[in-house]
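Novice: Below is final_5.txt; it holds compact mmCIF, C-alpha atoms.
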```txt
# COMPACT_ATOMS: atom_id res chain seq x y z
CA ALA D 1 -93.90 164.25 -196.53
CA LEU D 2 -92.02 167.49 -197.02
CA ILE D 3 -93.50 170.83 -197.99
CA VAL D 4 -91.36 172.82 -200.40
CA SER D 5 -91.84 175.88 -202.56
CA ASP D 6 -93.08 175.24 -206.08
CA SER D 7 -89.81 176.78 -207.27
CA VAL D 8 -87.78 173.91 -205.74
CA ASP D 9 -87.04 171.14 -208.22
CA THR D 10 -88.19 167.68 -207.12
CA ALA D 11 -84.92 166.17 -208.35
CA ALA D 12 -82.98 168.54 -206.06
CA VAL D 13 -85.06 167.39 -203.08
CA THR D 14 -84.46 163.75 -204.02
CA SER D 15 -80.72 164.37 -204.32
CA ALA D 16 -80.62 166.00 -200.89
CA ILE D 17 -82.47 163.03 -199.40
CA ILE D 18 -79.98 160.61 -200.94
CA GLU D 19 -76.98 162.63 -199.77
CA GLY D 20 -78.37 163.23 -196.30
CA ALA D 21 -79.44 159.64 -195.65
CA GLY D 22 -76.01 158.26 -196.47
CA GLU D 23 -74.81 154.79 -197.31
CA LEU D 24 -77.62 152.91 -195.54
CA LEU D 25 -80.20 154.24 -198.02
CA GLU D 26 -81.02 151.52 -200.53
CA SER D 27 -83.75 153.37 -202.44
CA VAL D 28 -85.91 156.48 -202.46
CA ARG D 29 -89.22 156.79 -204.28
CA LEU D 30 -91.51 159.78 -204.69
CA PHE D 31 -95.04 158.44 -204.30
CA ASP D 32 -97.23 161.53 -203.90
CA ILE D 33 -97.33 165.19 -204.83
CA TYR D 34 -100.09 167.16 -203.13
CA ARG D 35 -101.33 170.72 -203.44
CA GLY D 36 -104.39 171.72 -201.47
CA HIS D 37 -105.85 173.39 -198.44
CA GLN D 38 -103.33 171.82 -196.02
CA VAL D 39 -100.36 173.18 -198.00
CA PRO D 40 -99.51 176.90 -198.28
CA GLU D 41 -100.18 178.53 -201.63
CA GLY D 42 -97.11 178.43 -203.84
CA SER D 43 -95.93 175.20 -202.23
CA ARG D 44 -96.44 171.48 -202.64
CA SER D 45 -96.10 168.43 -200.45
CA LEU D 46 -93.73 165.70 -201.66
CA ALA D 47 -94.08 162.29 -200.02
CA PHE D 48 -91.18 159.87 -200.30
CA ALA D 49 -90.71 156.22 -199.38
CA LEU D 50 -87.21 155.45 -198.14
CA ARG D 51 -85.75 151.95 -197.87
CA PHE D 52 -82.69 151.36 -195.71
CA ARG D 53 -80.47 148.27 -195.72
CA ALA D 54 -77.03 147.14 -194.60
CA SER D 55 -75.45 144.24 -196.44
CA ASP D 56 -73.64 142.92 -193.37
CA ARG D 57 -76.19 143.19 -190.56
CA THR D 58 -79.72 143.92 -189.46
CA LEU D 59 -80.18 147.63 -188.95
CA GLU D 60 -81.18 148.96 -185.56
CA ALA D 61 -84.20 151.27 -185.38
CA ALA D 62 -81.95 154.06 -184.08
CA GLU D 63 -79.71 153.80 -187.17
CA ILE D 64 -82.69 154.11 -189.48
CA ALA D 65 -84.15 157.01 -187.51
CA SER D 66 -80.82 158.83 -187.58
CA ALA D 67 -80.35 158.37 -191.34
CA ARG D 68 -83.93 159.47 -191.99
CA GLN D 69 -83.52 162.56 -189.82
CA SER D 70 -80.24 163.45 -191.54
CA ALA D 71 -82.03 163.31 -194.90
CA ILE D 72 -84.84 165.54 -193.62
CA ASP D 73 -82.40 167.98 -192.04
CA LEU D 74 -80.47 168.40 -195.30
CA VAL D 75 -83.65 169.08 -197.30
CA ILE D 76 -84.72 171.63 -194.69
CA HIS D 77 -81.31 173.30 -194.78
CA ARG D 78 -80.92 173.37 -198.57
CA HIS D 79 -84.48 173.97 -199.69
CA GLY D 80 -86.35 175.52 -196.77
CA ALA D 81 -88.62 172.50 -196.48
CA THR D 82 -90.93 171.79 -193.58
CA LEU D 83 -92.40 168.48 -192.49
CA ARG D 84 -96.04 168.17 -193.42
CA GLY D 85 -98.14 167.98 -190.28
CA SER D 86 -95.55 169.82 -188.19
```
I need this file expressed as structure tokens, please.
Specialist:
Amino acid sequence: ALIVSDSVDTAAVTSAIIEGAGELLESVRLFDIYRGHQVPEGSRSLAFALRFRASDRTLEAAEIASARQSAIDLVIHRHGATLRGS
């Protein structure tokens, strides 16, 4: 889950995830939006499910972790996001 300002469009976060994760990303789905005591006022937590797949091989855990981290890093860079729980 990523914490972003309420002024950041959810579609922009999704686009950054897709771009950052690269070609191994098969799908991305927003499954929760949370506002509450664990999230700073004026922000919301967006939780996404990411599915990775390669058509020609079984992915290694390191490949998935790297693609996931690249997606997170791009959202942090573009939108000032933070990881929830960090």
Novice: If you measure from atom CA of Gly20 of chain D to atom CA of Ala54 of chain D, what distance in Å do you get, rounded to one decimal?
Specialist: 16.2 Å
Novice: With a distance cut-off of 9 Å and only C-alpha atoms, select the neighbouring residues of segment 29-31 of chain D, excluding the residue or stretch itself and same-chain residues fewer than 4 positions from it, and output the selection as an MDAnalysis selection string.
Specialist: chainID D and resid 10 14 46:51
Novice: Skip Arg68 of chain D itself and residues of its chain fewer than 5 positions away, then list as an MDAnalysis selection string all residues within 12 Å of it, counting all atoms listed in the file.
Specialist: chainID D and resid 1 16:25 28 48:52 61:63 73:75
Novice: Selected residues, C-alpha atoms, written as a compact mmCIF listing (two decimals), in the coordinates of the input, please.
Specialist:
```
# COMPACT_ATOMS: atom_id res chain seq x y z
CA ALA D 1 -93.90 164.25 -196.53
CA ALA D 16 -80.62 166.00 -200.89
CA ILE D 17 -82.47 163.03 -199.40
CA ILE D 18 -79.98 160.61 -200.94
CA GLU D 19 -76.98 162.63 -199.77
CA GLY D 20 -78.37 163.23 -196.30
CA ALA D 21 -79.44 159.64 -195.65
CA GLY D 22 -76.01 158.26 -196.47
CA GLU D 23 -74.81 154.79 -197.31
CA LEU D 24 -77.62 152.91 -195.54
CA LEU D 25 -80.20 154.24 -198.02
CA VAL D 28 -85.91 156.48 -202.46
CA PHE D 48 -91.18 159.87 -200.30
CA ALA D 49 -90.71 156.22 -199.38
CA LEU D 50 -87.21 155.45 -198.14
CA ARG D 51 -85.75 151.95 -197.87
CA PHE D 52 -82.69 151.36 -195.71
CA ALA D 61 -84.20 151.27 -185.38
CA ALA D 62 -81.95 154.06 -184.08
CA GLU D 63 -79.71 153.80 -187.17
CA ASP D 73 -82.40 167.98 -192.04
CA LEU D 74 -80.47 168.40 -195.30
CA VAL D 75 -83.65 169.08 -197.30
```
Novice: Just checking: using all atoms listed in the file, which residue out of D:Ser7, D:Ser15, D:Thr58, D:Ser70 ends up closest to Gly42 of chain D?
Specialist: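 Answer, going by the shortest atom-to-atom distance: D:Ser7.
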Novice: Which polymer residues, protein or nucleic acid, are no farther than 9 Å from (-85.1, 170.0, -198.7), counting all atoms listed in the file, as a list in words?
Specialist: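 Applying the cut-off with all atoms listed in the file, one gets Leu2, Ile3, Val4, Val8, Ala12, Val13, Thr14, Ala16, Ile17, Ala71, Ile72, Asp73, Leu74, Val75, Ile76, His77, Arg78, His79, Gly80, Ala81 and Thr82 of chain D.
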Novice: Using all atoms listed in the file, which residue out of D:Ser45, D:Ile64, D:Gln69, D:Arg57 lies closest to Asp6 of chain D?
Specialist: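 Result for the nearest residue to Asp6 of chain D: D:Ser45.
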Novice: For atom CA of Ala11 of chain D and atom CA of Arg44 of chain D, quote the distance in Å rounded to one decimal.
Specialist: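 Calculated distance between atom CA of Ala11 of chain D and atom CA of Arg44 of chain D is 13.9 Å.
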Novice: Record the distance separating atom CA of Ser66 of chain D and atom CA of Gly85 of chain D, expressed in Å with one decimal.
Specialist: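 Spanning atom CA of Ser66 of chain D to atom CA of Gly85 of chain D is a straight-line distance of 19.8 Å.
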